[in-house]
$ cat target.tsv   # TSV, C-alpha atoms
chain	number	residue	atom	x	y	z
A	1	MET	CA	-33.61	51.34	-15.05
A	2	ALA	CA	-31.17	51.03	-17.94
A	3	GLU	CA	-27.83	52.79	-17.62
A	4	ARG	CA	-27.51	56.08	-19.38
A	5	SER	CA	-24.92	56.35	-22.14
A	6	ALA	CA	-21.82	58.48	-21.72
A	7	SER	CA	-23.22	61.10	-24.06
A	8	ALA	CA	-26.47	61.20	-22.12
A	9	GLN	CA	-24.60	61.68	-18.86
A	10	GLN	CA	-22.94	64.77	-20.35
A	11	GLN	CA	-26.24	66.46	-20.89
A	12	HIS	CA	-26.54	69.10	-18.16
A	13	SER	CA	-29.43	71.39	-17.39
A	14	ALA	CA	-29.14	75.06	-18.19
A	15	GLY	CA	-29.19	75.78	-14.45
A	16	ASP	CA	-26.26	73.42	-13.81
A	17	VAL	CA	-24.23	74.95	-16.62
A	18	ALA	CA	-24.92	78.50	-15.44
A	19	GLN	CA	-24.00	77.68	-11.83
A	20	ALA	CA	-20.89	75.80	-12.89
A	21	ARG	CA	-19.76	78.82	-14.89
A	22	GLU	CA	-20.17	81.09	-11.86
A	23	LEU	CA	-18.31	78.68	-9.59
A	24	PHE	CA	-15.54	78.28	-12.15
A	25	ASN	CA	-14.98	82.04	-12.42
A	26	GLN	CA	-15.03	82.40	-8.64
A	27	GLY	CA	-12.47	79.62	-8.32
A	28	LEU	CA	-10.09	81.27	-10.77
A	29	ALA	CA	-10.43	84.59	-8.93
A	30	LEU	CA	-9.66	82.94	-5.57
A	31	ARG	CA	-6.62	81.18	-7.05
A	32	GLU	CA	-5.36	84.48	-8.41
A	33	SER	CA	-5.68	86.03	-4.93
A	34	GLY	CA	-3.75	83.15	-3.33
A	35	ASP	CA	-6.68	81.41	-1.64
A	36	LEU	CA	-5.97	77.91	-2.92
A	37	VAL	CA	-8.28	76.15	-0.46
A	38	GLY	CA	-11.22	78.29	-1.51
A	39	ALA	CA	-10.29	77.97	-5.18
A	40	ILE	CA	-10.21	74.16	-4.98
A	41	GLU	CA	-13.63	74.11	-3.33
A	42	LYS	CA	-15.19	76.26	-6.07
A	43	LEU	CA	-13.50	74.48	-8.97
A	44	ARG	CA	-14.40	71.03	-7.61
A	45	ALA	CA	-18.02	72.09	-7.41
A	46	ALA	CA	-17.93	73.49	-10.95
A	47	HIS	CA	-16.32	70.31	-12.31
A	48	GLY	CA	-18.88	68.19	-10.50
A	49	LEU	CA	-21.84	70.13	-11.90
A	50	ALA	CA	-20.70	70.35	-15.51
A	51	SER	CA	-17.51	68.40	-16.18
A	52	THR	CA	-15.57	69.78	-19.11
A	53	PRO	CA	-11.92	69.58	-20.16
A	54	ILE	CA	-11.51	73.21	-19.09
A	55	THR	CA	-12.89	72.76	-15.55
A	56	GLY	CA	-10.83	69.58	-15.16
A	57	VAL	CA	-7.48	71.04	-16.24
A	58	GLU	CA	-7.92	74.16	-14.10
A	59	LEU	CA	-8.85	72.06	-11.09
A	60	GLY	CA	-5.72	69.97	-11.67
A	61	ARG	CA	-3.52	73.06	-11.94
A	62	THR	CA	-4.95	74.42	-8.68
A	63	TYR	CA	-4.27	71.15	-6.87
A	64	LEU	CA	-0.69	71.34	-8.16
A	65	SER	CA	-0.27	74.85	-6.76
A	66	ALA	CA	-1.48	73.56	-3.38
A	67	GLY	CA	1.04	70.67	-3.39
A	68	LYS	CA	-1.68	68.02	-3.66
A	69	LEU	CA	-0.04	65.99	-6.40
A	70	VAL	CA	-2.21	62.89	-6.07
A	71	GLU	CA	-5.45	64.86	-6.37
A	72	ALA	CA	-3.98	66.92	-9.21
A	73	ARG	CA	-3.16	63.87	-11.29
A	74	GLU	CA	-6.61	62.35	-10.74
A	75	ALA	CA	-8.30	65.57	-11.84
A	76	LEU	CA	-6.10	65.74	-14.93
A	77	LEU	CA	-6.72	62.10	-15.82
A	78	SER	CA	-10.46	62.64	-15.49
A	79	VAL	CA	-10.26	64.99	-18.46
A	80	GLY	CA	-9.11	62.16	-20.71
A	81	ARG	CA	-12.15	60.12	-19.67
A	82	LEU	CA	-14.62	62.78	-20.78
A	83	PRO	CA	-16.36	61.92	-24.08
A	84	PHE	CA	-15.69	64.22	-27.02
A	85	GLU	CA	-18.48	66.64	-27.82
A	86	SER	CA	-19.40	67.26	-31.44
A	87	ARG	CA	-19.30	71.01	-30.88
A	88	GLU	CA	-16.19	71.04	-28.67
A	89	THR	CA	-14.27	74.31	-28.89
A	90	ALA	CA	-10.59	74.75	-29.66
A	91	ARG	CA	-10.09	75.83	-26.04
A	92	SER	CA	-11.50	72.51	-24.83
A	93	ALA	CA	-9.23	70.59	-27.23
A	94	THR	CA	-6.21	72.49	-25.91
A	95	ALA	CA	-7.33	71.70	-22.34
A	96	ARG	CA	-7.37	67.98	-23.19
A	97	THR	CA	-3.82	68.10	-24.53
A	98	ASP	CA	-2.55	70.13	-21.58
A	99	ALA	CA	-4.22	67.80	-19.06
A	100	ALA	CA	-2.62	64.69	-20.57
A	101	ALA	CA	0.85	66.27	-20.61
A	102	LEU	CA	0.53	67.56	-17.05
A	103	ALA	CA	-0.67	64.17	-15.79
A	104	ASP	CA	2.48	62.52	-17.15
A	105	GLN	CA	4.72	65.17	-15.59
A	106	VAL	CA	3.04	64.98	-12.18
A	107	ARG	CA	3.30	61.19	-11.93
A	108	ALA	CA	7.10	61.32	-11.70
A	109	ARG	CA	6.86	63.80	-8.81
A	110	ILE	CA	4.46	61.80	-6.61
A	111	PRO	CA	6.10	59.95	-3.69
A	112	SER	CA	5.22	56.31	-3.04
A	113	LEU	CA	5.01	54.59	0.34
A	114	LEU	CA	4.99	50.84	0.95
A	115	VAL	CA	3.51	49.89	4.34
A	116	LYS	CA	4.37	46.47	5.79
A	117	VAL	CA	2.80	45.01	8.91
A	118	ASN	CA	4.55	42.09	10.61
A	119	GLY	CA	3.91	40.04	13.72
A	120	VAL	CA	0.19	39.43	13.20
A	121	PRO	CA	-1.96	38.17	10.30
A	122	ILE	CA	-2.44	40.96	7.81
A	123	ASP	CA	-6.20	40.40	7.66
A	124	SER	CA	-6.42	41.13	11.40
A	125	VAL	CA	-4.93	44.61	11.11
A	126	ALA	CA	-6.53	47.94	10.24
A	127	VAL	CA	-4.13	50.48	8.71
A	128	THR	CA	-4.69	54.21	8.37
A	129	ILE	CA	-2.61	56.94	6.73
A	130	ASP	CA	-3.34	60.38	8.12
A	131	GLY	CA	-6.55	59.00	9.61
A	132	ALA	CA	-7.87	57.60	6.31
A	133	ALA	CA	-8.41	53.84	6.20
A	134	VAL	CA	-6.27	51.85	3.76
A	135	ALA	CA	-7.76	48.66	2.35
A	136	THR	CA	-5.87	45.48	3.19
A	137	GLU	CA	-5.50	44.73	-0.52
A	138	ALA	CA	-3.73	48.06	-1.01
A	139	LEU	CA	-0.90	47.02	1.33
A	140	THR	CA	0.50	44.65	-1.29
A	141	ALA	CA	1.90	47.51	-3.39
A	142	PRO	CA	3.33	51.02	-2.87
A	143	ARG	CA	0.72	53.70	-2.25
A	144	LEU	CA	0.92	57.14	-3.85
A	145	VAL	CA	0.94	59.95	-1.28
A	146	ASN	CA	1.47	63.68	-1.36
A	147	PRO	CA	4.79	65.21	-0.29
A	148	GLY	CA	4.92	66.06	3.40
A	149	LEU	CA	4.55	64.46	6.80
A	150	HIS	CA	2.30	61.40	7.10
A	151	GLU	CA	1.24	59.37	10.14
A	152	ILE	CA	0.77	55.62	9.64
A	153	VAL	CA	-1.10	53.59	12.27
A	154	ALA	CA	-1.64	49.81	12.36
A	155	THR	CA	-4.15	48.41	14.86
A	156	SER	CA	-4.60	44.70	15.48
A	157	THR	CA	-7.96	43.19	16.39
A	158	SER	CA	-6.09	41.53	19.27
A	159	GLY	CA	-5.39	44.92	20.83
A	160	GLY	CA	-1.82	45.65	19.74
A	161	SER	CA	-0.98	48.76	17.76
A	162	ALA	CA	1.99	50.45	16.14
A	163	SER	CA	2.48	53.86	14.54
A	164	THR	CA	5.10	56.10	13.02
A	165	LYS	CA	5.44	59.34	11.07
A	166	VAL	CA	7.28	59.69	7.77
A	167	ASP	CA	8.23	62.90	5.94
A	168	MET	CA	7.98	62.20	2.21
A	169	LYS	CA	9.79	64.21	-0.47
A	170	GLU	CA	8.76	64.64	-4.10
A	171	GLY	CA	9.60	61.59	-6.20
A	172	GLU	CA	10.72	59.59	-3.13
A	173	SER	CA	9.96	55.89	-2.63
A	174	ARG	CA	10.11	54.51	0.90
A	175	SER	CA	9.16	51.43	2.87
A	176	VAL	CA	7.82	51.53	6.43
A	177	GLU	CA	7.50	48.43	8.58
A	178	LEU	CA	5.14	48.31	11.54
A	179	ARG	CA	5.82	45.25	13.68
A	180	ILE	CA	3.54	44.08	16.47
A	181	VAL	CA	5.35	41.44	18.53
A	182	PHE	CA	3.42	39.47	21.14
A	183	VAL	CA	4.97	38.03	24.30
A	184	GLY	CA	2.42	35.94	26.13
A	185	ASP	CA	-1.03	37.27	25.42
A	186	THR	CA	-0.28	40.98	25.43
A	187	ALA	CA	0.82	43.57	22.89
A	188	VAL	CA	2.01	47.00	23.92
A	189	LYS	CA	2.73	49.99	21.73
A	190	THR	CA	6.21	51.48	21.74
A	191	PRO	CA	7.13	54.74	19.99
A	192	VAL	CA	9.17	55.35	16.87
A	193	PRO	CA	11.52	58.35	16.75
A	194	PRO	CA	10.02	61.37	14.92
A	195	GLY	CA	10.79	61.44	11.21
A	196	GLY	CA	10.44	57.70	10.66
A	197	SER	CA	13.11	55.79	8.80
A	198	PRO	CA	16.10	57.09	6.87
A	199	ALA	CA	15.66	57.46	3.13
A	200	GLY	CA	15.43	54.12	1.39
A	201	GLY	CA	15.22	52.21	4.67
A	202	ALA	CA	12.48	50.85	6.87
A	203	ALA	CA	11.22	52.28	10.12
A	204	VAL	CA	10.56	49.38	12.48
A	205	LEU	CA	8.17	49.66	15.40
A	206	THR	CA	8.25	46.66	17.70
A	207	ALA	CA	5.45	46.45	20.23
A	208	ILE	CA	6.94	44.33	23.03
A	209	PRO	CA	4.86	44.08	26.20
A	210	ALA	CA	6.16	44.29	29.73
A	211	ASP	CA	4.36	42.52	32.57
A	212	THR	CA	3.80	45.77	34.41
A	213	GLY	CA	0.35	45.14	35.83
A	214	PRO	CA	-2.05	47.95	36.65
A	215	THR	CA	0.54	50.07	38.45
A	216	GLY	CA	3.52	49.38	36.21
A	217	GLN	CA	5.61	48.29	39.24
A	218	SER	CA	5.89	44.52	38.99
A	219	SER	CA	8.69	44.56	36.41
A	220	VAL	CA	10.68	47.30	38.18
A	221	LEU	CA	10.42	46.32	41.83
A	222	PRO	CA	12.00	42.84	41.49
A	223	ALA	CA	15.00	44.41	39.76
A	224	LEU	CA	15.37	46.94	42.58
A	225	MET	CA	14.96	44.17	45.15
A	226	TYR	CA	17.67	41.96	43.65
A	227	THR	CA	19.98	44.92	43.07
A	228	GLY	CA	19.53	46.17	46.63
A	229	PHE	CA	20.12	42.80	48.27
A	230	GLY	CA	23.03	42.10	45.94
A	231	LEU	CA	24.66	45.38	46.95
A	232	ALA	CA	24.03	44.56	50.60
A	233	ALA	CA	25.67	41.16	50.24
A	234	ALA	CA	28.67	42.58	48.41
A	235	GLY	CA	29.02	45.36	50.99
A	236	VAL	CA	28.96	42.91	53.90
A	237	VAL	CA	31.56	40.67	52.26
A	238	VAL	CA	33.91	43.53	51.36
A	239	GLY	CA	33.38	45.28	54.68
A	240	SER	CA	34.04	42.13	56.67
A	241	ALA	CA	37.17	41.21	54.73
A	242	THR	CA	38.70	44.67	54.88
A	243	GLY	CA	37.69	44.99	58.53
A	244	VAL	CA	39.60	41.81	59.39
A	245	ILE	CA	42.67	43.13	57.55
A	246	ALA	CA	42.40	46.48	59.35
A	247	ASN	CA	42.18	44.74	62.73
A	248	ASP	CA	45.21	42.56	61.92
A	249	LYS	CA	47.25	45.61	60.92
A	250	ALA	CA	46.15	47.46	64.06
A	251	SER	CA	47.28	44.55	66.23
A	252	ALA	CA	50.64	44.40	64.46
A	253	VAL	CA	51.19	48.13	64.99
A	254	LYS	CA	50.19	47.88	68.66
A	255	ASN	CA	52.58	44.99	69.30
A	256	ALA	CA	55.50	46.74	67.56
A	257	CYS	CA	55.11	50.04	69.39
A	258	ASP	CA	56.42	50.86	72.86
A	259	GLY	CA	53.81	53.25	74.13
A	260	LEU	CA	53.80	56.20	71.75
A	261	VAL	CA	57.16	55.29	70.22
A	262	CYS	CA	56.91	53.16	67.07
A	263	PRO	CA	59.65	51.95	64.68
A	264	ARG	CA	59.55	53.19	61.07
A	265	SER	CA	59.21	49.61	59.87
A	266	ILE	CA	55.52	49.59	60.78
A	267	ASP	CA	54.64	52.64	58.61
A	268	GLY	CA	53.37	50.33	55.87
A	269	ASP	CA	51.14	48.39	58.28
A	270	LEU	CA	49.79	51.65	59.69
A	271	SER	CA	48.86	53.04	56.25
A	272	THR	CA	47.33	49.75	55.13
A	273	GLY	CA	45.29	49.46	58.32
A	274	ARG	CA	43.90	52.96	57.94
A	275	ALA	CA	43.01	52.40	54.28
A	276	MET	CA	41.32	49.06	54.99
A	277	GLY	CA	39.37	50.64	57.82
A	278	THR	CA	38.06	53.35	55.51
A	279	VAL	CA	37.11	50.81	52.84
A	280	SER	CA	35.38	48.65	55.45
A	281	THR	CA	33.30	51.60	56.68
A	282	ILE	CA	32.24	52.58	53.14
A	283	ALA	CA	31.36	48.96	52.30
A	284	PHE	CA	29.14	48.57	55.37
A	285	VAL	CA	27.38	51.88	54.59
A	286	ALA	CA	26.73	50.66	51.03
A	287	ALA	CA	25.47	47.35	52.42
A	288	GLY	CA	23.02	49.17	54.65
A	289	ALA	CA	21.74	51.29	51.76
A	290	GLY	CA	21.38	48.24	49.52
A	291	ALA	CA	19.50	46.32	52.20
A	292	ALA	CA	17.14	49.27	52.67
A	293	VAL	CA	16.40	49.48	48.93
A	294	GLY	CA	15.86	45.73	48.73
A	295	LEU	CA	13.53	45.66	51.72
A	296	ILE	CA	11.47	48.60	50.41
A	297	ALA	CA	11.11	46.96	47.00
A	298	LEU	CA	10.16	43.68	48.68
A	299	LEU	CA	7.46	45.35	50.75
A	300	LEU	CA	6.04	47.27	47.78
A	301	ARG	CA	6.04	44.29	45.40
A	302	PRO	CA	2.49	43.09	44.61
A	303	HIS	CA	1.59	39.64	45.95
A	304	HIS	CA	0.00	37.07	43.64
A	305	GLU	CA	-2.84	34.78	44.67
A	306	ASN	CA	-0.99	31.64	43.59
A	307	ALA	CA	2.14	32.43	45.53
A	308	GLY	CA	3.66	29.89	47.85
A	309	THR	CA	2.73	29.65	51.49
A	310	THR	CA	6.12	30.71	52.84
A	311	ALA	CA	6.41	34.42	53.61
A	312	SER	CA	9.30	36.42	52.15
A	313	TRP	CA	12.19	37.13	54.55
A	314	VAL	CA	15.76	38.32	54.39
A	315	ALA	CA	18.62	38.53	56.89
A	316	PRO	CA	22.30	39.50	56.64
A	317	TRP	CA	25.01	37.22	58.05
A	318	VAL	CA	28.65	37.78	58.92
A	319	GLY	CA	31.40	35.18	59.40
A	320	PRO	CA	35.01	35.50	60.57
A	321	ALA	CA	36.18	36.61	57.12
A	322	SER	CA	33.01	36.68	55.02
A	323	GLY	CA	29.40	37.78	55.03
A	324	GLY	CA	26.27	38.01	52.95
A	325	VAL	CA	22.48	38.14	52.85
A	326	SER	CA	20.20	35.13	52.96
A	327	GLY	CA	16.45	34.90	52.69
A	328	SER	CA	13.35	33.48	51.06
A	329	PHE	CA	11.36	35.42	48.48
A	330	ARG	CA	7.75	34.66	47.54
A	331	PHE	CA	6.66	35.41	43.93
$ encode --input "target.tsv" --output "structure tokens"
Amino acid sequence: MAERSASAQQQHSAGDVAQARELFNQGLALRESGDLVGAIEKLRAAHGLASTPITGVELGRTYLSAGKLVEAREALLSVGRLPFESRETARSATARTDAAALADQVRARIPSLLVKVNGVPIDSVAVTIDGAAVATEALTAPRLVNPGLHEIVATSTSGGSASTKVDMKEGESRSVELRIVFVGDTAVKTPVPPGGSPAGGAAVLTAIPADTGPTGQSSVLPALMYTGFGLAAAGVVVGSATGVIANDKASAVKNACDGLVCPRSIDGDLSTGRAMGTVSTIAFVAAGAGAAVGLIALLLRPHHENAGTTASWVAPWVGPASGGVSGSFRF
């Protein structure tokens, strides 16, 4: 079937024209009452049934009142694409002029958002803005959006994803970067602070995986294990050293005293001995707590099938003036 000409497409049935007129009047009444959502619905239907410069400009004005600048400009531009009718009224001619002027004014108010996806091939990522899919080709240039809060989501076919929210102001131009970084064969989503990036900057979301396994423990438990055993070792060393000093000072005090009578010259040794004894006690308590944490983490740590054949073990040791923890850990 041959394509119809533009003038033929403008020929509407009497029923379409009559219904469009009713919808148009209803839309204007709803806009006057403050029901912009209902007004847009009626005016869109009227413009779809019988597109005229008048229905187009009024639809554009209603979109403007609702803050939908992108839709408003498209409705206004559609008026300029309508063919001229031989019997077009002066009101229609005025509507054409008003639509063109409004379209130019609105364009300067529309925010633009450039979305960049890094870390994976761009053709392997699906991007949505407020749930609506954005073609890959559209990511090469800024995209016009309405003022307000927008959620941008990038999902890789490999399983990684990244998302952020950006609050756009009228006339603002911003760039948002969503970065999916792979370590090994895994990509994990990490959040971006609400509000996105500062004006003129880029909000960066880096999806960096952690080898957490099904329970999320395998990256935490080794850290607790090493920390616990390290504290135990340090506590044993400090406790042993200060304990030796305390014993030496106690012996010096005992040798210098005659029963309960002691010379004032040993006051310093007495104070030092008491202080070292207190430090030694605290250090050994800390060592015990550290060893307990380390042993609990060791027992809770998941075992891997390819681990070595030697079982994990740990034992503290104490020398004349030193101490520590030794052991073998299976991973």
$ residues_around --input "target.tsv" --residues "Ile129 (chain A)" --least-positions-apart "3" --cutoff "8 Å" --atoms "all atoms listed in the file" --output "ChimeraX atom specification"
/A:132-134,150-153
$ residues_around --input "target.tsv" --residues "Ala45 (chain A)" --least-positions-apart "4" --cutoff "10 Å" --atoms "all atoms listed in the file" --output "count of residues only"
13
$ residues_near_point --input "target.tsv" --point "(-22.1, 75.2, -23.7)" --cutoff "10 Å" --atoms "only C-alpha atoms" --output "list in words"
His12, Ala14, Val17, Ala18, Arg21, Ala50, Thr52, Arg87, Glu88 and Thr89 of chain A
$ closest_atom_pairs --input "target.tsv" --of "region 27-110 of chain A" --to "region 164-173 of chain A" --cutoff "12 Å" --atoms "all atoms listed in the file" --output "CSV"
residue,atom,partner,partner_atom,distance
A:Gly67,CA,A:Glu170,CA,9.8
A:Lys68,CA,A:Glu170,CA,11.0
A:Leu69,CA,A:Glu170,CA,9.2
A:Val70,CA,A:Glu170,CA,11.3
A:Gln105,CA,A:Gly171,CA,11.2
A:Val106,CA,A:Gly171,CA,9.5
A:Arg107,CA,A:Gly171,CA,8.5
A:Ala108,CA,A:Gly171,CA,6.0
A:Arg109,CA,A:Gly171,CA,4.4
A:Ile110,CA,A:Gly171,CA,5.2
$ atom_distance --input "target.tsv" --atom1 "CA of Ser175 (chain A)" --atom2 "CA of Asp104 (chain A)"
23.8 Å
$ atom_distance --input "target.tsv" --atom1 "CA of Tyr63 (chain A)" --atom2 "CA of His47 (chain A)"
13.2 Å
$ atom_distance --input "target.tsv" --atom1 "CA of Ser33 (chain A)" --atom2 "CA of Pro111 (chain A)"
28.6 Å
